[in-house]
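Enquirer: If it helps, the file is called work-v5.txt and holds compact mmCIF, C-alpha atoms:
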```
# COMPACT_ATOMS: atom_id res chain seq x y z
CA MET A 1 10.02 -27.65 76.19
CA LYS A 2 9.67 -23.89 75.86
CA THR A 3 6.79 -21.83 77.24
CA GLU A 4 3.85 -21.90 74.84
CA MET A 5 3.75 -18.87 72.57
CA THR A 6 0.88 -17.15 70.84
CA SER A 7 0.67 -17.75 67.11
CA MET A 8 2.00 -14.27 66.46
CA GLU A 9 4.97 -14.79 68.76
CA ARG A 10 5.66 -18.19 67.23
CA VAL A 11 5.61 -16.88 63.67
CA LEU A 12 7.67 -13.77 64.40
CA THR A 13 10.29 -15.82 66.21
CA ALA A 14 10.59 -18.22 63.28
CA LEU A 15 10.81 -15.31 60.84
CA SER A 16 13.67 -13.92 62.91
CA HIS A 17 15.57 -17.16 62.21
CA GLN A 18 15.27 -18.28 65.81
CA GLU A 19 13.58 -21.34 67.26
CA PRO A 20 10.14 -20.70 68.79
CA ASP A 21 8.31 -23.18 71.03
CA ARG A 22 7.37 -25.24 67.94
CA VAL A 23 7.38 -25.02 64.18
CA PRO A 24 4.59 -22.67 63.03
CA LEU A 25 1.81 -24.36 61.07
CA LEU A 26 0.09 -22.25 58.42
CA LEU A 27 -3.03 -23.94 57.07
CA LEU A 28 -4.34 -21.62 54.37
CA PHE A 29 -8.10 -21.98 54.32
CA SER A 30 -10.15 -20.18 51.70
CA LEU A 31 -12.94 -22.17 50.06
CA TYR A 32 -12.47 -24.94 52.66
CA GLY A 33 -14.80 -22.97 54.91
CA ALA A 34 -17.67 -23.71 52.53
CA ARG A 35 -16.98 -27.42 52.90
CA GLU A 36 -17.03 -27.19 56.68
CA LEU A 37 -20.39 -25.42 56.58
CA GLU A 38 -21.79 -27.64 53.79
CA MET A 39 -22.83 -24.67 51.69
CA SER A 40 -22.05 -23.40 48.20
CA ILE A 41 -18.69 -21.76 47.68
CA LYS A 42 -20.29 -18.73 46.03
CA ASP A 43 -22.74 -18.15 48.88
CA TYR A 44 -19.96 -18.57 51.40
CA PHE A 45 -17.73 -15.92 49.87
CA MET A 46 -20.61 -13.46 49.57
CA ASP A 47 -20.96 -13.23 53.36
CA PRO A 48 -17.91 -11.58 54.99
CA GLU A 49 -19.28 -11.97 58.50
CA LEU A 50 -19.71 -15.70 57.97
CA VAL A 51 -16.19 -15.99 56.50
CA VAL A 52 -14.74 -14.28 59.59
CA LYS A 53 -16.53 -16.65 61.96
CA THR A 54 -15.50 -19.67 59.90
CA GLN A 55 -11.86 -18.60 59.64
CA LEU A 56 -11.70 -18.30 63.41
CA MET A 57 -13.34 -21.71 63.81
CA LEU A 58 -10.97 -23.39 61.33
CA GLN A 59 -7.92 -21.81 62.94
CA LYS A 60 -8.90 -23.17 66.33
CA LYS A 61 -10.07 -26.58 65.10
CA TYR A 62 -6.93 -27.37 63.10
CA ARG A 63 -4.45 -25.40 65.26
CA SER A 64 -3.22 -23.18 62.46
CA ASP A 65 -0.96 -20.25 63.26
CA CYS A 66 -2.57 -17.82 60.83
CA LEU A 67 -5.82 -16.40 59.54
CA TYR A 68 -6.31 -15.99 55.80
CA SER A 69 -8.43 -13.27 54.22
CA PHE A 70 -7.93 -14.59 50.67
CA ALA A 71 -10.98 -15.76 48.71
CA TYR A 72 -9.96 -16.46 45.09
CA GLY A 73 -7.42 -15.05 42.64
CA ALA A 74 -9.99 -14.07 40.04
CA ILE A 75 -11.37 -11.49 42.44
CA GLU A 76 -8.68 -9.18 41.07
CA THR A 77 -9.69 -9.55 37.42
CA GLU A 78 -13.29 -9.19 38.62
CA ALA A 79 -12.28 -5.74 39.90
CA PHE A 80 -11.04 -4.91 36.38
CA GLY A 81 -14.43 -5.92 34.95
CA GLY A 82 -13.86 -9.63 34.31
CA GLU A 83 -16.21 -12.48 35.13
CA VAL A 84 -15.78 -15.20 37.76
CA VAL A 85 -16.89 -18.80 37.26
CA PHE A 86 -17.88 -20.65 40.43
CA THR A 87 -17.76 -24.43 40.77
CA ASP A 88 -19.18 -26.81 43.36
CA ASP A 89 -15.92 -28.08 44.85
CA GLY A 90 -12.99 -26.07 43.52
CA PRO A 91 -11.57 -22.57 43.47
CA PRO A 92 -13.53 -19.95 41.51
CA ASN A 93 -11.78 -19.19 38.22
CA ALA A 94 -11.58 -16.25 35.83
CA GLY A 95 -14.01 -16.56 32.95
CA GLU A 96 -13.39 -15.35 29.41
CA PRO A 97 -10.33 -13.06 29.30
CA LEU A 98 -11.40 -9.48 29.99
CA ILE A 99 -8.89 -8.18 27.42
CA GLY A 100 -10.07 -9.62 24.12
CA SER A 101 -7.40 -7.89 22.04
CA LEU A 102 -3.93 -6.71 22.99
CA ASP A 103 -4.71 -3.38 21.38
CA LEU A 104 -7.29 -2.74 24.11
CA ILE A 105 -4.60 -2.58 26.82
CA PRO A 106 -4.20 1.24 26.59
CA SER A 107 -7.92 1.66 27.36
CA LEU A 108 -7.78 -0.46 30.54
CA ASN A 109 -8.37 1.59 33.70
CA LEU A 110 -7.04 1.20 37.22
CA PRO A 111 -9.83 -0.38 39.33
CA ASP A 112 -11.39 1.67 42.09
CA ILE A 113 -11.13 -0.50 45.21
CA GLY A 114 -14.02 1.32 46.83
CA SER A 115 -16.30 0.45 43.91
CA SER A 116 -15.42 -3.25 43.72
CA PRO A 117 -17.84 -5.43 45.72
CA GLY A 118 -15.41 -8.34 45.74
CA LEU A 119 -12.47 -6.35 47.06
CA GLN A 120 -14.69 -4.67 49.62
CA ARG A 121 -15.74 -8.09 50.92
CA ILE A 122 -12.07 -9.02 51.41
CA LEU A 123 -11.47 -5.80 53.33
CA ALA A 124 -14.52 -6.48 55.48
CA VAL A 125 -13.16 -9.96 56.28
CA THR A 126 -9.76 -8.48 57.11
CA ARG A 127 -11.25 -5.91 59.46
CA GLY A 128 -13.39 -8.57 61.12
CA LEU A 129 -10.44 -10.90 61.65
CA LYS A 130 -8.35 -8.07 63.08
CA GLN A 131 -11.13 -7.07 65.47
CA ALA A 132 -11.49 -10.67 66.67
CA ALA A 133 -7.82 -11.73 66.83
CA GLY A 134 -6.04 -8.47 67.55
CA ASP A 135 -2.30 -9.04 67.51
CA SER A 136 -2.42 -12.66 68.69
CA ILE A 137 -2.68 -14.36 65.26
CA PRO A 138 -1.12 -13.19 61.97
CA ILE A 139 -3.60 -12.25 59.26
CA ILE A 140 -2.35 -12.96 55.74
CA GLY A 141 -3.64 -10.97 52.79
CA VAL A 142 -2.92 -11.80 49.15
CA VAL A 143 -2.15 -9.95 45.94
CA VAL A 144 -1.35 -11.37 42.52
CA ALA A 145 1.97 -10.02 41.24
CA PRO A 146 1.83 -7.70 38.20
CA PHE A 147 3.71 -10.22 36.06
CA SER A 148 1.38 -13.10 36.94
CA LEU A 149 -2.01 -11.34 36.79
CA PRO A 150 -2.17 -11.22 32.94
CA VAL A 151 -2.61 -14.99 32.79
CA MET A 152 -6.15 -14.29 34.02
CA GLN A 153 -6.54 -10.95 32.22
CA LEU A 154 -5.50 -12.26 28.80
CA GLY A 155 -5.23 -16.02 28.86
CA PHE A 156 -1.81 -17.66 28.68
CA GLU A 157 -1.46 -17.88 24.89
CA LYS A 158 -2.22 -14.22 24.31
CA TYR A 159 0.00 -13.26 27.22
CA LEU A 160 2.96 -15.03 25.64
CA GLU A 161 2.34 -13.03 22.48
CA LEU A 162 2.38 -9.86 24.57
CA ILE A 163 5.64 -10.80 26.31
CA TYR A 164 7.59 -11.74 23.21
CA PHE A 165 6.15 -9.55 20.46
CA ARG A 166 4.50 -6.43 21.94
CA PRO A 167 7.00 -4.91 24.38
CA GLU A 168 5.40 -1.45 24.52
CA LEU A 169 1.97 -2.81 25.38
CA PHE A 170 3.59 -5.22 27.85
CA ALA A 171 5.20 -2.27 29.64
CA GLN A 172 1.86 -0.44 29.78
CA LEU A 173 0.07 -3.41 31.31
CA MET A 174 2.85 -4.02 33.83
CA ALA A 175 2.70 -0.37 34.97
CA LEU A 176 -1.06 -0.58 35.43
CA ASN A 177 -0.91 -3.92 37.24
CA SER A 178 1.87 -2.73 39.53
CA ALA A 179 -0.11 0.36 40.52
CA PHE A 180 -3.13 -1.83 41.28
CA CYS A 181 -1.05 -4.39 43.19
CA VAL A 182 0.44 -1.73 45.46
CA LYS A 183 -2.92 -0.06 46.02
CA TRP A 184 -4.64 -3.36 46.80
CA ALA A 185 -1.87 -4.62 49.09
CA ASN A 186 -1.78 -1.40 51.10
CA ALA A 187 -5.56 -1.36 51.42
CA GLN A 188 -5.43 -4.81 53.01
CA LEU A 189 -2.63 -3.76 55.36
CA ALA A 190 -4.62 -0.68 56.38
CA ALA A 191 -7.62 -2.92 57.10
CA GLY A 192 -5.57 -5.05 59.50
CA ALA A 193 -3.56 -7.60 57.51
CA THR A 194 -0.25 -8.46 59.15
CA ALA A 195 1.54 -9.37 55.93
CA ILE A 196 0.89 -9.75 52.22
CA CYS A 197 1.44 -12.90 50.19
CA TYR A 198 2.82 -11.77 46.82
CA PHE A 199 1.55 -14.56 44.60
CA ASN A 200 3.88 -14.81 41.61
CA PRO A 201 3.95 -18.21 39.87
CA LEU A 202 5.40 -16.77 36.65
CA ALA A 203 8.59 -15.85 38.49
CA SER A 204 9.45 -19.54 38.61
CA PRO A 205 11.55 -21.16 35.86
CA THR A 206 8.84 -23.83 35.91
CA MET A 207 6.70 -21.31 34.04
CA ILE A 208 9.08 -19.11 32.05
CA GLU A 209 12.79 -18.89 31.25
CA LYS A 210 14.81 -17.36 34.08
CA ASP A 211 16.63 -14.94 31.77
CA THR A 212 13.34 -13.68 30.38
CA TYR A 213 11.87 -13.17 33.84
CA LEU A 214 14.95 -11.35 35.12
CA LYS A 215 15.05 -9.07 32.10
CA ILE A 216 11.41 -8.05 31.78
CA ALA A 217 9.77 -8.57 35.17
CA TYR A 218 12.19 -8.88 38.07
CA PRO A 219 12.98 -5.14 38.28
CA LEU A 220 9.25 -4.44 38.39
CA ASP A 221 8.79 -6.96 41.21
CA CYS A 222 11.48 -5.19 43.23
CA GLN A 223 9.87 -1.80 42.63
CA THR A 224 6.40 -3.09 43.46
CA LEU A 225 7.47 -4.84 46.66
CA ALA A 226 9.29 -1.71 47.82
CA LYS A 227 6.01 0.26 47.70
CA ILE A 228 4.03 -2.22 49.82
CA LYS A 229 3.85 -0.80 53.33
CA GLY A 230 4.29 -4.03 55.27
CA PRO A 231 6.06 -7.39 55.22
CA THR A 232 5.64 -9.60 52.18
CA ALA A 233 5.97 -13.27 51.35
CA THR A 234 6.75 -14.14 47.73
CA HIS A 235 5.01 -17.36 46.72
CA LEU A 236 5.74 -19.16 43.45
CA ALA A 237 2.72 -21.47 43.72
CA SER A 238 4.45 -24.84 43.58
CA GLY A 239 7.00 -23.72 40.99
CA ILE A 240 10.69 -24.36 41.59
CA THR A 241 12.45 -21.61 43.53
CA LEU A 242 16.14 -22.54 43.83
CA PRO A 243 17.18 -21.04 40.47
CA VAL A 244 15.78 -17.62 41.46
CA LEU A 245 16.43 -17.80 45.20
CA ASP A 246 19.21 -15.20 45.24
CA GLU A 247 17.10 -12.73 43.25
CA ILE A 248 14.09 -13.23 45.51
CA ILE A 249 16.28 -12.64 48.56
CA ALA A 250 17.59 -9.44 46.96
CA SER A 251 14.02 -8.22 46.36
CA LYS A 252 13.74 -7.71 50.15
CA THR A 253 10.71 -9.95 50.59
CA ALA A 254 10.75 -11.65 54.01
CA ILE A 255 9.44 -15.13 53.17
CA LEU A 256 9.57 -17.53 50.23
CA GLY A 257 6.86 -20.07 49.51
CA PHE A 258 8.48 -23.12 47.91
CA GLY A 259 7.13 -26.13 46.07
CA GLN A 260 7.57 -29.81 45.37
CA GLY A 261 10.31 -29.48 42.78
CA ASP A 262 12.86 -28.00 45.16
CA ASP A 263 15.56 -29.85 47.06
CA VAL A 264 14.48 -28.85 50.57
CA THR A 265 17.86 -29.48 52.20
CA ARG A 266 19.72 -27.36 49.63
CA LEU A 267 17.09 -24.63 49.78
CA LYS A 268 17.28 -24.47 53.56
CA ALA A 269 21.08 -24.23 53.50
CA ARG A 270 21.10 -21.42 50.95
CA ALA A 271 18.23 -19.50 52.55
CA SER A 272 19.54 -19.71 56.12
CA HIS A 273 19.43 -16.31 57.88
CA LYS A 274 18.61 -14.63 54.56
CA ILE A 275 14.95 -15.46 53.96
CA ALA A 276 12.38 -17.56 55.83
CA LEU A 277 10.78 -20.51 54.07
CA VAL A 278 7.14 -21.60 54.03
CA GLY A 279 6.03 -24.89 52.49
CA ASN A 280 5.89 -27.46 51.02
CA LEU A 281 3.22 -30.08 51.70
CA ASN A 282 1.61 -31.34 48.49
CA ALA A 283 -2.00 -30.32 48.96
CA ILE A 284 -3.19 -32.29 45.93
CA GLU A 285 -1.72 -35.51 47.32
CA MET A 286 -3.20 -34.67 50.74
CA VAL A 287 -6.57 -35.70 49.36
CA ASN A 288 -5.47 -39.35 49.53
CA TRP A 289 -3.14 -39.31 52.52
CA SER A 290 -3.40 -41.96 55.21
CA PRO A 291 -2.56 -41.00 58.81
CA GLU A 292 0.80 -42.73 58.36
CA LYS A 293 1.55 -40.80 55.17
CA ALA A 294 0.62 -37.49 56.78
CA GLN A 295 2.87 -38.17 59.75
CA SER A 296 5.80 -39.39 57.65
CA THR A 297 5.62 -36.42 55.25
CA VAL A 298 5.41 -33.81 57.99
CA LYS A 299 8.22 -35.43 60.01
CA THR A 300 10.46 -35.53 56.94
CA LEU A 301 9.87 -31.87 56.20
CA ILE A 302 10.54 -30.86 59.80
CA SER A 303 13.78 -32.85 59.78
CA GLN A 304 14.90 -31.15 56.55
CA ALA A 305 13.99 -27.54 57.24
CA ALA A 306 13.05 -26.72 60.84
CA ALA A 307 16.40 -26.62 62.65
CA GLY A 308 17.41 -23.10 63.65
CA GLY A 309 14.06 -21.52 62.84
CA GLY A 310 13.37 -19.64 59.63
CA PHE A 311 10.77 -22.21 58.60
CA LEU A 312 6.97 -22.41 58.65
CA ILE A 313 5.17 -25.54 57.53
CA SER A 314 2.32 -25.14 55.05
CA ASP A 315 1.11 -26.47 51.73
CA SER A 316 3.08 -25.73 48.58
CA HIS A 317 0.44 -23.81 46.65
CA GLY A 318 -1.34 -21.44 49.04
CA GLU A 319 -4.72 -23.11 49.53
CA ILE A 320 -6.13 -26.23 51.16
CA PRO A 321 -8.21 -28.01 48.49
CA TYR A 322 -11.90 -28.63 49.11
CA GLN A 323 -11.41 -32.41 48.83
CA VAL A 324 -8.86 -32.81 51.65
CA PRO A 325 -10.45 -34.91 54.45
CA PRO A 326 -10.62 -33.16 57.82
CA GLU A 327 -8.83 -36.06 59.48
CA VAL A 328 -5.76 -35.41 57.31
CA LEU A 329 -5.58 -31.85 58.63
CA VAL A 330 -5.87 -33.20 62.17
CA ASN A 331 -3.06 -35.69 61.41
CA ILE A 332 -0.87 -32.83 60.17
CA ALA A 333 -1.57 -30.69 63.23
CA ASP A 334 -0.96 -33.64 65.58
CA THR A 335 2.39 -34.40 63.95
CA VAL A 336 3.53 -30.78 64.11
CA ALA A 337 2.49 -30.63 67.78
CA GLU A 338 4.46 -33.79 68.59
CA TRP A 339 7.52 -33.52 66.34
CA GLY A 340 7.76 -29.78 65.75
CA GLN A 341 8.57 -28.89 69.36
CA TYR A 342 11.91 -27.17 69.91
CA PRO A 343 14.45 -28.43 70.68
CA LEU A 344 13.71 -30.88 67.90
CA LYS A 345 13.75 -34.59 68.64
CA SER A 346 15.75 -36.94 66.48
CA ILE A 347 13.32 -37.94 63.76
CA GLY A 348 13.26 -41.32 62.10
CA VAL A 349 10.91 -41.31 59.08
CA ASP A 350 9.47 -43.95 56.81
CA GLN A 351 9.65 -42.44 53.34
CA ASP A 352 7.47 -45.20 51.92
CA ALA A 353 4.49 -44.73 54.23
CA SER A 354 1.26 -44.59 52.27
```
Would you write out, as structure tokens, the structure that this file holds?
Expert:
Amino acid sequence: MKTEMTSMERVLTALSHQEPDRVPLLLLFSLYGARELEMSIKDYFMDPELVVKTQLMLQKKYRSDCLYSFAYGAIETEAFGGEVVFTDDGPPNAGEPLIGSLDLIPSLNLPDIGSSPGLQRILAVTRGLKQAAGDSIPIIGVVVAPFSLPVMQLGFEKYLELIYFRPELFAQLMALNSAFCVKWANAQLAAGATAICYFNPLASPTMIEKDTYLKIAYPLDCQTLAKIKGPTATHLASGITLPVLDEIIASKTAILGFGQGDDVTRLKARASHKIALVGNLNAIEMVNWSPEKAQSTVKTLISQAAAGGGFLISDSHGEIPYQVPPEVLVNIADTVAEWGQYPLKSIGVDQDAS
């Protein structure tokens, strides 16, 4: 058994495609903090100091190797002037599309980060986490990719109309969203984030044809990522990644978040020493996991992807749902602690555990 590393050392070693003391475990807590405190999700996110304290508590309690400054995706459309709808036990969502007509796109302005209360709360959380953790635990910030943000800005149906029938307006919106994405990512890095998760579900062929993505959005992703002044992780939010793996590697992002539809063994073989992988526990199914199911699933994933480093275990979507029982998270952490130690033990798994 190797000498125990700090979370930062463990993650950096894995990202270097080497074997750390154990497989890094990234439990991405956002609204889950409100559950732990038994308070409303809205009230929780309105108090950056409380979020910092709770993030630190969750990291220690469930032995996660990261801290997460993310609150909810709609915070970005909120900065553009959109509304956010809060629920009792789920992620806050964007309300009515802020762009009611495609012809209004030219009048949309770049948000001022300093004037956005929501974005300022995220920066306050990031600074607080950095002050508390220093360089011992990675702090992950989040941006929504320019190509994926319009789903919340426009609604999906209107966005498809923009993509296929209004190319000039599409280009205008992509330029604006890219400028905002870069500005927002770099603000989080300046506040103390270690890396930025580039959340881009529409890059997956699960969501849109590969040829269409490569033609109209992939070059923009490459340009946007190149302007972010720190390491990035491209996350396709449970969408399949294998068909676009080579392109994502070429975009110079350091990490790929992969989902349930991918063949993990094939993905690991093709990604080896080219890009690190993070995933792919099914957080929705976690809600009903037994201890045996948690252990079997984690052991299987370790056996498929952990050898040689370059792998971090996490959920497949980028957020632990509110409904996941705490004991499941403990089961996951226990299994990683036992079976994720390097050198890896020979793992026998029961695929049918439930």
Enquirer: Hey, which bits of stretch 241-279 of chain A sit within 8 Å of stretch 227-235 of chain A, and for each residue what's the closest pair of atoms and how far apart in Å (one decimal), counting only C-alpha atoms, rows by chain and increasing number, as a Markdown table?
Expert:
```
| residue | atom | partner | partner_atom | distance |
| --- | --- | --- | --- | --- |
| A:Ile248 | CA | A:Thr234 | CA | 7.7 |
| A:Thr253 | CA | A:Thr232 | CA | 5.3 |
| A:Ala254 | CA | A:Ala233 | CA | 5.7 |
| A:Ile255 | CA | A:Ala233 | CA | 4.3 |
| A:Leu256 | CA | A:Thr234 | CA | 5.1 |
| A:Gly257 | CA | A:His235 | CA | 4.3 |
| A:Phe258 | CA | A:His235 | CA | 6.8 |
```
Enquirer: So the first atom is atom CA of A:Gly309 and the second is atom CA of A:His273; what is the distance between them in Å, to one decimal place?
Expert: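 Separating atom CA of A:Gly309 from atom CA of A:His273 is a distance of 9.0 Å.
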Enquirer: Could you tell me which of A:Ala333, A:Leu176, A:Ala226, A:Ala306 comes closest to A:Leu26 if we count all atoms listed in the file?
Expert: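 For A:Leu26, the nearest of the given residues is A:Ala333.
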Enquirer: What does the structure give for the distance between atom CA of A:Ala237 and atom CA of A:Asp315, in Å to one decimal?
Expert: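 Interatomic distance here is 9.6 Å.
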Enquirer: Counting all atoms listed in the file, which residue out of A:Glu4, A:Asp262, A:Glu19, A:Glu83 sits closest to A:Phe311?
Expert: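 Selected residue with least distance to A:Phe311: A:Glu19.
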Enquirer: Show which residues sit within 12 Å of A:Gln323, as a list in words. Count all atoms listed in the file, and ignore same-chain residues fewer than 6 positions away.
Expert: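 Using all atoms listed in the file, the neighbours found are Leu31, Tyr32, Gly33, Ala34, Arg35, Glu36, Asp88, Asp89, Gly90, Pro91, Ala283, Ile284, Glu285, Met286, Val287, Asn288, Trp289 and Leu329 of chain A.
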Enquirer: Check the smallest atom-to-atom distance from each of A:Ile313, A:Ala171, A:Leu225, A:Val330 to A:Leu25 using all atoms listed in the file, then report the winner.
Expert: A:Ile313
Enquirer: Can you build me a table of stretch 177-220 of chain A residues sitting at most 12 Å from stretch 69-77 of chain A, with the closest atom pair per residue and its distance in Å to one decimal, using only C-alpha atoms, sorted by chain and residue number, as a Markdown table?
Expert:
```
| residue | atom | partner | partner_atom | distance |
| --- | --- | --- | --- | --- |
| A:Asn177 | CA | A:Glu76 | CA | 10.1 |
| A:Phe180 | CA | A:Glu76 | CA | 9.2 |
| A:Cys181 | CA | A:Glu76 | CA | 9.3 |
| A:Lys183 | CA | A:Glu76 | CA | 11.9 |
| A:Trp184 | CA | A:Glu76 | CA | 9.1 |
| A:Ala185 | CA | A:Glu76 | CA | 11.5 |
| A:Gln188 | CA | A:Ser69 | CA | 9.1 |
| A:Leu189 | CA | A:Ser69 | CA | 11.2 |
| A:Ala191 | CA | A:Ser69 | CA | 10.8 |
| A:Gly192 | CA | A:Ser69 | CA | 10.2 |
| A:Ala193 | CA | A:Ser69 | CA | 8.2 |
| A:Thr194 | CA | A:Ser69 | CA | 10.7 |
| A:Ala195 | CA | A:Ser69 | CA | 10.8 |
| A:Ile196 | CA | A:Ser69 | CA | 10.2 |
| A:Cys197 | CA | A:Phe70 | CA | 9.5 |
| A:Tyr198 | CA | A:Gly73 | CA | 11.5 |
| A:Phe199 | CA | A:Gly73 | CA | 9.2 |
| A:Asn200 | CA | A:Gly73 | CA | 11.3 |
```
Enquirer: Quick one: residues within 10 Å of A:Gln131, only C-alpha atoms counted, chain neighbours fewer than 4 positions away excluded, as a list of chain:residue names?
Expert: A:Val52, A:Val125, A:Thr126, A:Arg127, A:Asp135, A:Ala191, A:Gly192
Enquirer: Could those selected residues go to a file with C-alpha atoms, as a JSON list (two decimals), keeping the file's coordinate frame?
Expert:
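part.json written:
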```json
[["chain", "number", "residue", "atom", "x", "y", "z"],
["A", 52, "VAL", "CA", -14.74, -14.28, 59.59],
["A", 125, "VAL", "CA", -13.16, -9.96, 56.28],
["A", 126, "THR", "CA", -9.76, -8.48, 57.11],
["A", 127, "ARG", "CA", -11.25, -5.91, 59.46],
["A", 135, "ASP", "CA", -2.30, -9.04, 67.51],
["A", 191, "ALA", "CA", -7.62, -2.92, 57.10],
["A", 192, "GLY", "CA", -5.57, -5.05, 59.50]]
```
Enquirer: When you look at A:Cys66 with a cut-off of 9 Å (counting only C-alpha atoms), what residues show up, excluding the ones that are within fewer than 4 positions of it in the same chain? I need them as a VMD selection string.
Expert: chain A and resid 7 to 8 11 24 to 28 59 137 to 140
